[in-house]
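Raw contents of model.txt, compact mmCIF, C-alpha atoms (C1' of nucleotides):
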```txt
# COMPACT_ATOMS: atom_id res chain seq x y z
CA MET A 1 0.00 0.00 0.00
CA PHE A 2 0.97 3.64 -0.28
CA PRO A 3 0.44 5.27 3.12
CA ASN A 4 0.28 8.76 1.66
CA LYS A 5 -2.37 7.81 -0.87
CA VAL A 6 -4.43 5.94 1.72
CA TYR A 7 -4.30 8.99 3.98
CA GLN A 8 -5.66 11.22 1.23
CA GLU A 9 -8.50 8.79 0.63
CA LEU A 10 -9.40 8.51 4.30
CA PHE A 11 -9.31 12.26 4.79
CA LYS A 12 -11.45 12.77 1.72
CA GLU A 13 -14.00 10.28 3.01
CA PHE A 14 -14.13 11.18 6.71
CA GLY A 15 -12.56 14.61 7.05
CA SER A 16 -10.82 15.91 10.18
CA GLN A 17 -11.51 13.80 13.26
CA HIS A 18 -10.65 16.39 15.93
CA TRP A 19 -8.94 14.08 18.38
CA TRP A 20 -6.46 15.93 20.54
CA PRO A 21 -6.23 18.70 21.49
CA LYS A 22 -10.02 18.80 21.85
CA HIS A 23 -9.92 22.29 23.34
CA LYS A 24 -6.97 24.52 23.98
CA GLY A 25 -7.41 25.29 27.66
CA LYS A 26 -10.52 27.36 27.05
CA LYS A 27 -12.93 24.72 28.26
CA ARG A 28 -11.08 24.17 31.53
CA PRO A 29 -9.48 27.45 32.60
CA GLY A 30 -6.61 26.96 35.01
CA PHE A 31 -5.72 23.48 33.85
CA ASP A 32 -2.96 22.45 31.51
CA PRO A 33 -4.70 20.92 28.46
CA HIS A 34 -1.69 18.66 27.84
CA PHE A 35 -2.18 16.78 31.05
CA GLU A 36 -5.80 16.14 30.23
CA ILE A 37 -4.61 14.45 27.03
CA ILE A 38 -2.27 12.24 29.02
CA VAL A 39 -5.10 11.25 31.36
CA GLY A 40 -7.22 10.54 28.31
CA THR A 41 -4.65 8.21 26.73
CA VAL A 42 -4.67 6.09 29.87
CA LEU A 43 -8.41 6.05 30.45
CA THR A 44 -9.22 5.19 26.86
CA GLN A 45 -7.19 1.99 26.86
CA ASN A 46 -9.50 -0.59 25.28
CA THR A 47 -12.44 1.61 26.18
CA ALA A 48 -15.02 3.61 24.26
CA TRP A 49 -14.28 7.34 24.35
CA LYS A 50 -17.81 8.09 25.47
CA ASN A 51 -17.15 6.34 28.78
CA VAL A 52 -13.87 8.20 29.17
CA LYS A 53 -15.50 11.60 28.73
CA LYS A 54 -17.64 11.14 31.81
CA ALA A 55 -14.59 10.21 33.86
CA ILE A 56 -12.66 13.27 32.70
CA GLU A 57 -15.61 15.52 33.50
CA CYS A 58 -15.70 14.09 37.01
CA LEU A 59 -11.97 14.68 37.43
CA TYR A 60 -12.43 18.27 36.32
CA GLU A 61 -15.33 18.88 38.67
CA LYS A 62 -13.30 17.57 41.57
CA ASN A 63 -10.25 19.62 40.58
CA LEU A 64 -8.25 16.49 39.75
CA LEU A 65 -7.03 17.31 36.27
CA ASP A 66 -3.42 18.04 37.15
CA ALA A 67 -0.52 15.84 38.21
CA GLU A 68 -0.13 17.17 41.75
CA SER A 69 -3.79 16.72 42.60
CA ILE A 70 -4.00 13.18 41.26
CA PHE A 71 -0.79 12.33 43.07
CA ALA A 72 -2.21 13.63 46.34
CA VAL A 73 -5.82 12.39 46.21
CA PRO A 74 -6.80 9.14 47.98
CA ILE A 75 -6.85 6.38 45.37
CA LYS A 76 -10.34 5.33 46.42
CA LYS A 77 -11.71 8.72 45.48
CA LEU A 78 -9.90 8.47 42.15
CA GLU A 79 -11.41 5.04 41.49
CA ILE A 80 -14.95 6.23 42.10
CA CYS A 81 -14.45 9.23 39.83
CA ILE A 82 -13.16 7.25 36.83
CA LYS A 83 -15.42 4.24 37.27
CA SER A 84 -17.27 4.80 33.99
CA SER A 85 -14.07 4.27 32.00
CA GLY A 86 -13.78 0.64 33.05
CA TYR A 87 -10.82 -1.25 34.57
CA TYR A 88 -11.12 1.50 37.12
CA ARG A 89 -8.88 -0.05 39.79
CA GLN A 90 -6.02 -0.60 37.36
CA LYS A 91 -6.50 2.78 35.72
CA ALA A 92 -6.54 4.61 39.06
CA LYS A 93 -3.20 2.97 39.82
CA LYS A 94 -1.90 3.95 36.40
CA LEU A 95 -2.97 7.57 36.84
CA LYS A 96 -1.21 7.67 40.19
CA ILE A 97 2.01 6.44 38.62
CA VAL A 98 1.76 8.82 35.68
CA ALA A 99 0.94 11.75 37.97
CA LYS A 100 3.94 10.90 40.15
CA PHE A 101 6.20 10.81 37.11
CA PHE A 102 5.11 14.16 35.74
CA SER A 103 5.14 15.93 39.08
CA GLU A 104 8.59 14.61 39.92
CA ASN A 105 9.89 15.60 36.52
CA ASN A 106 8.51 19.02 37.22
CA ALA A 107 6.72 18.84 33.93
CA TYR A 108 3.20 19.76 34.95
CA HIS A 109 1.93 22.09 37.60
CA GLY A 110 -1.72 22.04 36.72
CA ARG A 111 -1.77 25.72 36.00
CA SER A 112 -1.86 26.96 32.45
CA SER A 113 0.74 29.54 33.29
CA LYS A 114 3.22 26.74 33.80
CA ILE A 115 2.56 24.55 30.82
CA CYS A 116 4.94 21.72 30.23
CA THR A 117 7.75 22.17 27.78
CA LYS A 118 9.86 19.25 28.90
CA ILE A 119 9.25 16.22 26.69
CA PRO A 120 9.66 12.79 28.31
CA THR A 121 11.53 10.13 26.35
CA ARG A 122 9.75 7.08 25.02
CA SER A 123 11.73 4.76 27.29
CA GLN A 124 10.90 6.86 30.34
CA LEU A 125 7.21 6.44 29.56
CA LEU A 126 7.56 2.72 28.78
CA ALA A 127 9.23 2.20 32.14
CA LEU A 128 6.01 3.25 33.86
CA TRP A 129 3.63 0.45 34.88
CA GLY A 130 0.50 0.66 32.77
CA ILE A 131 2.09 2.54 29.88
CA GLY A 132 2.68 0.32 26.87
CA ARG A 133 3.88 1.26 23.41
CA GLU A 134 0.61 2.57 22.06
CA THR A 135 -0.08 4.72 25.09
CA ALA A 136 3.50 6.01 25.25
CA ASP A 137 3.38 6.96 21.58
CA SER A 138 -0.05 8.54 21.98
CA ILE A 139 1.28 10.69 24.82
CA LEU A 140 4.29 11.77 22.76
CA LEU A 141 2.22 12.50 19.68
CA TYR A 142 -0.94 14.02 21.09
CA ALA A 143 0.31 15.73 24.25
CA PHE A 144 3.77 16.76 23.06
CA ASN A 145 3.39 17.05 19.28
CA HIS A 146 6.29 14.66 18.85
CA PRO A 147 6.07 13.06 15.38
CA ILE A 148 5.75 9.38 16.22
CA PHE A 149 3.26 7.12 14.47
CA VAL A 150 0.72 5.42 16.75
CA VAL A 151 -0.12 1.82 15.87
CA ASP A 152 -3.17 -0.05 17.07
CA ALA A 153 -5.39 -2.99 16.12
CA TYR A 154 -7.14 -0.91 13.46
CA THR A 155 -3.80 -0.09 11.86
CA ARG A 156 -3.19 -3.80 11.46
CA ARG A 157 -6.63 -4.28 9.93
CA LEU A 158 -5.95 -1.43 7.54
CA LEU A 159 -2.72 -3.06 6.41
CA ALA A 160 -4.45 -6.40 5.97
CA ALA A 161 -7.25 -4.74 4.02
CA HIS A 162 -4.62 -3.37 1.63
CA GLY A 163 -2.94 -6.70 1.03
CA GLN A 164 -0.16 -6.33 3.60
CA LYS A 165 -1.09 -9.49 5.46
CA LYS A 166 2.46 -10.15 6.53
CA LEU A 167 3.18 -6.69 7.91
CA ALA A 168 -0.22 -6.63 9.61
CA LYS A 169 0.98 -9.39 11.93
CA ALA A 170 4.43 -7.93 12.47
CA ASP A 171 5.76 -6.44 15.69
CA TYR A 172 4.37 -3.06 16.81
CA ASP A 173 7.59 -1.17 16.16
CA LYS A 174 8.06 -2.68 12.70
CA ILE A 175 4.66 -1.33 11.68
CA ARG A 176 5.38 2.04 13.27
CA GLU A 177 8.69 2.31 11.46
CA TYR A 178 7.06 1.34 8.20
CA PHE A 179 4.59 4.23 8.32
CA GLU A 180 7.23 6.64 9.57
CA SER A 181 9.55 5.71 6.71
CA GLN A 182 6.80 6.20 4.14
CA LEU A 183 5.50 9.54 5.36
CA PRO A 184 6.85 13.02 5.99
CA ARG A 185 7.74 13.41 9.67
CA ASP A 186 4.82 15.70 10.46
CA TYR A 187 3.09 15.50 13.81
CA LYS A 188 -0.10 17.00 12.40
CA LEU A 189 -0.21 14.33 9.73
CA PHE A 190 0.41 11.54 12.26
CA ASN A 191 -2.18 13.02 14.60
CA GLU A 192 -4.89 13.02 11.95
CA TYR A 193 -3.82 9.75 10.34
CA HIS A 194 -4.16 7.63 13.46
CA ALA A 195 -7.56 9.17 14.20
CA LEU A 196 -8.69 8.50 10.64
CA ILE A 197 -7.59 4.87 10.85
CA VAL A 198 -9.65 4.42 14.00
CA ARG A 199 -12.62 6.06 12.30
CA TRP A 200 -12.18 3.78 9.30
CA GLY A 201 -12.00 0.74 11.56
CA LYS A 202 -15.18 1.62 13.35
CA GLU A 203 -16.95 2.02 10.03
CA LYS A 204 -16.03 -1.61 9.35
C1' DC B 1 -28.15 -12.53 25.58
C1' DT B 2 -23.35 -11.45 23.33
C1' DC B 3 -19.76 -8.41 21.69
C1' DC B 4 -16.38 -4.90 22.06
C1' DA B 5 -14.45 -0.14 22.79
C1' DG B 6 -9.02 5.24 20.96
C1' DG B 7 -4.49 -1.64 25.81
C1' DG B 8 -1.41 -3.51 29.06
C1' DG B 9 0.54 -6.67 32.60
C1' DG B 10 1.44 -11.36 34.26
C1' DC B 11 2.47 -15.97 33.36
C1' DC B 12 4.06 -19.90 30.91
C1' DA B 13 5.89 -22.83 27.19
C1' DT C 1 8.77 -14.07 21.36
C1' DG C 2 3.95 -15.69 21.30
C1' DG C 3 -0.37 -17.12 23.15
C1' DC C 4 -3.66 -16.83 26.86
C1' DC C 5 -6.11 -14.80 30.71
C1' DC C 6 -7.49 -10.97 33.51
C1' DC C 7 -8.99 -6.36 34.24
C1' DA C 8 -14.66 -3.61 34.05
C1' DT C 9 -18.09 -0.29 32.45
C1' DG C 10 -21.63 0.95 29.15
C1' DG C 11 -23.67 0.99 24.67
C1' DA C 12 -25.17 -1.58 20.46
```
I need this file expressed as C-alpha cells, please.
Amino acid sequence: MFPNKVYQELFKEFGSQHWWPKHKGKKRPGFDPHFEIIVGTVLTQNTAWKNVKKAIECLYEKNLLDAESIFAVPIKKLEICIKSSGYYRQKAKKLKIVAKFFSENNAYHGRSSKICTKIPTRSQLLALWGIGRETADSILLYAFNHPIFVVDAYTRRLLAAHGQKKLAKADYDKIREYFESQLPRDYKLFNEYHALIVRWGKEK
DNA sequence: CTCCAGGGGGCCA
DNA sequence: TGGCCCCATGGA
C-alpha cells in the first residue's frame, strides 16, 4: 500500500476527526490541556471514548485534572471518579504512577501559566507500569506534538485490508517504522492519520 | 443474551 | 517471542 495515498483517501472520506487537542485550555481554565490528554490516553485503553469523557468531567469537577492533585488524592476517590471508563482499579493505579512521574519531573503544575515544555523520552514512559507502546506513543504525539506514528489494532486491519497481510501481523515497532519511513515526519499528519484509521475501523 | 471499545501486565511454554 | 487470561463499564 501507499500510506500517503491511503491517507488522502481517508481524509477525503471522513474529514478531520478532531482528536487531541479537543480544546486549547478554554474549556477548563486553570488546567494544563496537555495533562488532560495524558489522562485521556490512559483512560481510553480498550475503552469507548464516550465512557472516558464522563470520567474526565468528574476529574475536572473535583479539581483532579493536574498531576499534583492526582498524586495527592486518595486512590479510592480516584477510582470512584473514573469508574465509567472501566478497569477503574487498574486505571486509578496507572494515573497515580503517571501523575507521580510528571510531578517529579517538574513537567506539569496544573496551572496553564506553567505549561509543560519538557518532553519525556519514550523509554521513560515505557518504564512506567501501565504505559505500553501505544499509550507512550499517543502521549508523545498528542500531548507533546512529537512526530511518532501510533499503531493499534485498526492499523493492522488497515494493512491487511490493503494486502499487507504479513506486515499486519508484524511487531508493533516494525509497523510504526514502516509508516514513519513512508511519510513526511509531520506530527499533524500523524495526529490526523491515526484518528482516521480508527474512524475507518469503526466504520467496518 | 453477546460483543467490544481510541491496551497492558502477568504468566508460561 | 507468542499465546492466553485478567482487568470492568456501558452501549449496540
For B:DC12: contacts at 12 Å, all atoms listed in the file, fewer than 4 positions along chain excluded, given as a list in words: DG2, DG3, DC4 and DC5 of chain C
Would you put the residues from that selection into a file with C-alpha atoms (C1' of nucleotides), as an mmCIF file, in the frame of the given file?
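Dumped to out-v8.cif:
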```cif
data_model
loop_
_atom_site.group_PDB
_atom_site.id
_atom_site.type_symbol
_atom_site.label_atom_id
_atom_site.label_comp_id
_atom_site.auth_asym_id
_atom_site.auth_seq_id
_atom_site.Cartn_x
_atom_site.Cartn_y
_atom_site.Cartn_z
ATOM 1 C "C1'" DG C 2 3.950 -15.690 21.300
ATOM 2 C "C1'" DG C 3 -0.370 -17.120 23.150
ATOM 3 C "C1'" DC C 4 -3.660 -16.830 26.860
ATOM 4 C "C1'" DC C 5 -6.110 -14.800 30.710
#
```
Tell me, counting only C-alpha atoms (C1' of nucleotides), for each residue of chain A within 8 Å of chain C, which pair of atoms is nearest and how far apart they are in Å to one decimal, in rows ordered by chain and increasing number, as CSV.
```
residue,atom,partner,partner_atom,distance
A:Asn51,CA,C:DG10,C1',7.0
A:Lys83,CA,C:DT9,C1',7.1
A:Ser84,CA,C:DT9,C1',5.4
A:Ser85,CA,C:DT9,C1',6.1
A:Gly86,CA,C:DT9,C1',4.4
A:Tyr87,CA,C:DA8,C1',4.5
A:Tyr88,CA,C:DA8,C1',6.9
A:Gln90,CA,C:DC7,C1',7.2
```
Exercise answer, chain A residues close to chain B, 8 Å and only C-alpha atoms (C1' of nucleotides), as a list in words: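 The complete set of qualifying residues is Thr41, Thr44, Gln45, Asn46, Thr47, Ala48, Trp49, Gly130, Ile131, Gly132, Glu134, Thr135, Ala195 and Val198 of chain A.
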For atom CA of A:Arg176 and atom CA of A:Arg156, the interatomic separation in Å (one decimal): 10.5 Å
Polymer residues at most 10 Å from A:Lys96, only C-alpha atoms (C1' of nucleotides), same-chain spacing of 5 or more positions, as a list in words: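 The contact residues come out as Ala67, Glu68, Ser69, Ile70, Phe71, Ala72, Val73, Pro74, Ile75, Leu78, Gln90, Lys91 and Phe101 of chain A.
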Selection export as a PDB file, keeping the file's coordinate frame, atoms kept: C-alpha atoms:
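Writing done, so here's selection_11.pdb:
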```pdb
ATOM      1  CA  ALA A  67      -0.520  15.840  38.210  1.00  0.00           C
ATOM      2  CA  GLU A  68      -0.130  17.170  41.750  1.00  0.00           C
ATOM      3  CA  SER A  69      -3.790  16.720  42.600  1.00  0.00           C
ATOM      4  CA  ILE A  70      -4.000  13.180  41.260  1.00  0.00           C
ATOM      5  CA  PHE A  71      -0.790  12.330  43.070  1.00  0.00           C
ATOM      6  CA  ALA A  72      -2.210  13.630  46.340  1.00  0.00           C
ATOM      7  CA  VAL A  73      -5.820  12.390  46.210  1.00  0.00           C
ATOM      8  CA  PRO A  74      -6.800   9.140  47.980  1.00  0.00           C
ATOM      9  CA  ILE A  75      -6.850   6.380  45.370  1.00  0.00           C
ATOM     10  CA  LEU A  78      -9.900   8.470  42.150  1.00  0.00           C
ATOM     11  CA  GLN A  90      -6.020  -0.600  37.360  1.00  0.00           C
ATOM     12  CA  LYS A  91      -6.500   2.780  35.720  1.00  0.00           C
ATOM     13  CA  PHE A 101       6.200  10.810  37.110  1.00  0.00           C
TER      14      PHE A 101
END
```
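We find atom CA of A:His194 and atom CA of A:Gln182 to be spaced 14.5 Å apart.
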Two-atom distance - atom CA of A:Lys174, atom CA of A:Phe149 (Å):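 Computing it gives 11.1 Å between the two atoms.
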A:Leu140 environment, 12 Å, only C-alpha atoms (C1' of nucleotides), sequence neighbours closer than 2 positions dropped, as number ranges by chain: A: 20, 34-35, 37-38, 41, 118-126, 131, 133-138, 142-150, 187, 190-191
Pick from A:Glu203, A:Ile97, A:Asp152, A:Ile80, whichever lies nearest to A:Tyr172 using all atoms listed in the file: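 For A:Tyr172, the nearest of the candidates is A:Asp152.
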